[in-house]
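Written out below as structure tokens is the structure these notes cover.
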Amino acid sequence: MPGDPLERSARRLATASSGVIAVAGIIGGAVRLLPWLLDPSVPWAVAVPFARELVSAALEAALVVGWPVGWALACVTASERGEALVLQALGESPATSVARFTRHGVVLAASLTAFSLIYATDAAAPGRVVNELVMSARLACASWTVSGATPRTFTIPFTEMTFLCAPGHVPLIAGPAPGSVAQGAFFVAHDAHVGGDLRSLELDRAHIVMGRSHPIIIGVNAFSVHGMPSWSHASSLPPALRAGVLSLTSWATGSIAALAALHRLIRTRAVAIALSALGPLVGLAILRALERSDVPLIAYACVPLAAAASEVAGIMVADRLRARESTATSPMSVSGLFGLGRRGRR
């Protein structure tokens, strides 16, 4: 039954839930960006690459969590209004009702895939973002050397590097010497490039300054250091696989929450929000832990499985607590959610 009220409600509430969570995430990201935007030594253009990463991460998390929340709220509302009972009286099982969300689920999965690909591309190679920061600072510095009246510096966030800008002079980048070149040494170069995994640094036309009382200056056309300890973590999960894992996690947990609501195991909106968000949050936490570890790709299969298991466990606990607080008859148990039977009066 395309276009039926339950499907429209699921689509509308999933979109609204994801939107609310996304706005909250973007506001949180803006708070992190605010110190940079207020710092006169950091040009606004430098914040763009990091802002892109923050927004894509917020949109990804919002859809992962908002999708199940929207489906659960739609099914709880349908149960409250009696629409779900009418469908069941007409012979449609809750599983069939949830299966009609497939068309909407495909759209949500495609959207989530797009956000995940953007975020995962940066997460897999954080040095790419750092190089964008360097390039943005270089452009701002070059512009200042043409139009500025006095020398100034442009700081590159998340690094210890700074561009030195003086009118009429070529922009130079300076920072502490990488690796174990010398304690307290620093470099001044025409350009710098960071490796994708943040473990290498290449300098162009650089001068290495060692010592303070009697400094030694070494000039080289090219300077390269590899094997440095990374000051950040690169994700080990390919972007396409990350998108698939998250889409499967959201679809599985959303279907479980919707089934539980149609079976009246979830009866209030507050409980629906809490339980439907539990699985996706567990999945995100496990994913973030795994992608920063050297684990085989097959290990990521546990993400949707753990998310679904935690959601079922949460529903079971909530059902048990409700059973103890109420003497009313519950028409369906958690085992009934999977077709294992019904529970009679307590």
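By convention in this document, the chains of the structure tokens carry letters A, B, ... by their order, each chain's residues are numbered from 1, and ligands are numbered from 1 in the order they are shown.
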request  = With a distance cut-off of 7 Å and only C-alpha atoms, select the neighbouring residues of Phe187 (chain A), excluding the residue or stretch itself and same-chain residues fewer than 5 positions from it, and output the selection as a PyMOL selection string.
outcome  = chain A and resi 174-177+206-209
key: Exercise: Gly66 (chain A) partners within 8 Å, only C-alpha atoms, chain neighbours under 2 positions left out, as a PyMOL selection string   = chain A and resi 14-19+21+62-64+68-70+277
request  = Give the answer as one residue: which of A:Ala120, A:Ile256, A:Val170, A:Ala74 has the shortest atom-to-atom distance to Gly244 (chain A), using only C-alpha atoms?
outcome  =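 Of A:Ala120, A:Ile256, A:Val170, A:Ala74, the one nearest Gly244 (chain A), counting only C-alpha atoms, is A:Ala120.
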ask   = How many Å lie between CA of Cys141 (chain A) and CA of Thr162 (chain A), rounded to one decimal?
value =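 So the answer is 10.1 Å.
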inquiry  = My list of candidates is A:Ala272, A:Ala51, A:Ala149, A:Ala252. Which is closest to Leu305 (chain A) when distances are computed with only C-alpha atoms?
reply    =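 Ranked by minimum distance to Leu305 (chain A), first place goes to A:Ala252.
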ask   = Got a sec: who's within 10 Å of Gly148 (chain A), counting only C-alpha atoms, leaving out chain neighbours fewer than 6 positions off, as a PyMOL selection string?
value = chain A and resi 141-142+165-168
With C-alpha atoms retained, could you export that selection as an mmCIF file, in the first residue's frame?
data_model
loop_
_atom_site.group_PDB
_atom_site.id
_atom_site.type_symbol
_atom_site.label_atom_id
_atom_site.label_comp_id
_atom_site.auth_asym_id
_atom_site.auth_seq_id
_atom_site.Cartn_x
_atom_site.Cartn_y
_atom_site.Cartn_z
ATOM 1 C CA CYS A 141 49.314 34.695 3.637
ATOM 2 C CA ALA A 142 50.022 35.298 -0.061
ATOM 3 C CA CYS A 165 53.736 36.887 6.030
ATOM 4 C CA ALA A 166 55.599 40.082 5.192
ATOM 5 C CA PRO A 167 54.656 42.589 2.467
ATOM 6 C CA GLY A 168 56.756 42.101 -0.647
#
task = Name the residues in contact with Trp67 (chain A) at a cut-off of 12 Å, using only C-alpha atoms, excluding same-chain residues fewer than 6 positions from it; report them as a VMD selection string.
result = chain A and resid 10 to 22 59 to 61 73 to 74 101 104 to 109 111 to 112 246 to 258 273 276 to 277 279 to 280
Expected file contents, prior selection, N, CA and C atoms, as a CSV table (one decimal), in the first residue's frame:
chain,number,residue,atom,x,y,z
A,10,ALA,N,6.3,7.4,9.0
A,10,ALA,CA,7.7,7.0,9.3
A,10,ALA,C,8.7,7.8,8.5
A,11,ARG,N,8.3,8.2,7.3
A,11,ARG,CA,9.2,9.0,6.5
A,11,ARG,C,9.4,10.4,7.1
A,12,ARG,N,8.3,11.0,7.5
A,12,ARG,CA,8.3,12.3,8.0
A,12,ARG,C,9.0,12.4,9.4
A,13,LEU,N,8.8,11.4,10.2
A,13,LEU,CA,9.4,11.5,11.6
A,13,LEU,C,10.9,11.1,11.5
A,14,ALA,N,11.3,10.2,10.6
A,14,ALA,CA,12.7,9.9,10.4
A,14,ALA,C,13.4,11.1,9.9
A,15,THR,N,12.8,11.8,9.0
A,15,THR,CA,13.5,13.0,8.5
A,15,THR,C,13.6,14.1,9.6
A,16,ALA,N,12.5,14.3,10.3
A,16,ALA,CA,12.4,15.3,11.4
A,16,ALA,C,13.4,15.0,12.5
A,17,SER,N,13.5,13.7,12.9
A,17,SER,CA,14.4,13.3,14.0
A,17,SER,C,15.8,13.5,13.5
A,18,SER,N,16.1,13.1,12.3
A,18,SER,CA,17.5,13.3,11.8
A,18,SER,C,17.9,14.8,11.7
A,19,GLY,N,16.9,15.6,11.3
A,19,GLY,CA,17.1,17.0,11.2
A,19,GLY,C,17.4,17.7,12.6
A,20,VAL,N,16.7,17.3,13.6
A,20,VAL,CA,16.9,17.9,14.9
A,20,VAL,C,18.2,17.5,15.5
A,21,ILE,N,18.6,16.2,15.3
A,21,ILE,CA,19.9,15.7,15.8
A,21,ILE,C,21.0,16.4,15.0
A,22,ALA,N,20.8,16.6,13.7
A,22,ALA,CA,21.9,17.2,12.9
A,22,ALA,C,22.1,18.7,13.3
A,59,LEU,N,26.0,15.1,10.3
A,59,LEU,CA,25.0,14.5,9.4
A,59,LEU,C,24.9,13.0,9.4
A,60,GLU,N,26.1,12.4,9.4
A,60,GLU,CA,26.2,10.9,9.5
A,60,GLU,C,25.6,10.4,10.8
A,61,ALA,N,26.0,10.9,11.9
A,61,ALA,CA,25.5,10.5,13.2
A,61,ALA,C,24.0,10.8,13.3
A,73,LEU,N,9.0,6.1,16.5
A,73,LEU,CA,7.9,7.0,16.9
A,73,LEU,C,6.7,6.9,16.0
A,74,ALA,N,6.9,6.6,14.7
A,74,ALA,CA,5.8,6.4,13.8
A,74,ALA,C,4.9,5.2,14.2
A,101,PHE,N,8.3,-0.1,4.7
A,101,PHE,CA,9.2,1.0,4.8
A,101,PHE,C,10.4,0.9,3.9
A,104,HIS,N,11.4,3.9,1.5
A,104,HIS,CA,12.0,5.0,2.3
A,104,HIS,C,13.3,4.6,2.9
A,105,GLY,N,13.5,3.3,3.3
A,105,GLY,CA,14.8,2.9,3.8
A,105,GLY,C,15.9,3.0,2.8
A,106,VAL,N,15.6,2.7,1.5
A,106,VAL,CA,16.6,2.8,0.5
A,106,VAL,C,17.0,4.3,0.3
A,107,VAL,N,16.1,5.2,0.4
A,107,VAL,CA,16.5,6.6,0.3
A,107,VAL,C,17.4,7.0,1.5
A,108,LEU,N,17.0,6.6,2.7
A,108,LEU,CA,17.8,6.9,3.9
A,108,LEU,C,19.2,6.3,3.8
A,109,ALA,N,19.2,5.1,3.3
A,109,ALA,CA,20.5,4.4,3.1
A,109,ALA,C,21.4,5.1,2.1
A,111,SER,N,21.3,8.3,1.4
A,111,SER,CA,21.7,9.6,2.0
A,111,SER,C,22.8,9.3,3.0
A,112,LEU,N,22.7,8.3,3.8
A,112,LEU,CA,23.7,8.0,4.8
A,112,LEU,C,25.0,7.6,4.2
A,246,LEU,N,27.2,1.2,8.5
A,246,LEU,CA,26.3,2.1,9.2
A,246,LEU,C,24.8,2.0,8.6
A,247,SER,N,24.7,1.8,7.3
A,247,SER,CA,23.4,1.7,6.7
A,247,SER,C,22.7,0.4,7.3
A,248,LEU,N,23.4,-0.7,7.3
A,248,LEU,CA,22.9,-1.9,7.8
A,248,LEU,C,22.5,-1.8,9.3
A,249,THR,N,23.4,-1.1,10.1
A,249,THR,CA,23.1,-0.9,11.5
A,249,THR,C,21.8,-0.1,11.7
A,250,SER,N,21.6,1.0,11.0
A,250,SER,CA,20.4,1.8,11.2
A,250,SER,C,19.2,1.1,10.7
A,251,TRP,N,19.3,0.4,9.6
A,251,TRP,CA,18.1,-0.4,9.1
A,251,TRP,C,17.7,-1.5,10.1
A,252,ALA,N,18.7,-2.2,10.6
A,252,ALA,CA,18.4,-3.3,11.5
A,252,ALA,C,17.8,-2.8,12.8
A,253,THR,N,18.4,-1.8,13.4
A,253,THR,CA,17.9,-1.3,14.7
A,253,THR,C,16.5,-0.5,14.5
A,254,GLY,N,16.4,0.1,13.4
A,254,GLY,CA,15.1,0.8,13.1
A,254,GLY,C,14.0,-0.2,12.9
A,255,SER,N,14.2,-1.3,12.2
A,255,SER,CA,13.2,-2.4,12.0
A,255,SER,C,12.9,-3.0,13.4
A,256,ILE,N,13.9,-3.3,14.2
A,256,ILE,CA,13.6,-3.9,15.5
A,256,ILE,C,12.7,-3.0,16.4
A,257,ALA,N,13.1,-1.7,16.4
A,257,ALA,CA,12.3,-0.7,17.2
A,257,ALA,C,10.9,-0.6,16.7
A,258,ALA,N,10.7,-0.6,15.4
A,258,ALA,CA,9.4,-0.5,14.8
A,258,ALA,C,8.6,-1.7,15.1
A,273,ILE,N,12.1,6.7,21.9
A,273,ILE,CA,13.3,7.5,21.6
A,273,ILE,C,14.5,6.9,22.2
A,276,SER,N,15.2,3.2,20.7
A,276,SER,CA,15.6,3.2,19.3
A,276,SER,C,16.9,3.8,19.1
A,277,ALA,N,17.3,4.7,20.0
A,277,ALA,CA,18.6,5.4,19.9
A,277,ALA,C,19.7,4.5,20.5
A,279,GLY,N,20.6,1.2,20.2
A,279,GLY,CA,21.4,0.4,19.3
A,279,GLY,C,22.3,1.2,18.4
A,280,PRO,N,21.8,2.2,17.7
A,280,PRO,CA,22.7,3.0,16.9
A,280,PRO,C,23.9,3.7,17.6
inquiry  = Using Å and a single decimal, report how far CA of Leu278 (chain A) sits from CA of Arg8 (chain A).
reply    =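 Result for CA of Arg8 (chain A) versus CA of Leu278 (chain A): 23.9 Å, one decimal.
CA of Leu87 (chain A) to CA of Ala313 (chain A) spans 27.2 Å [interatomic distance, one decimal].
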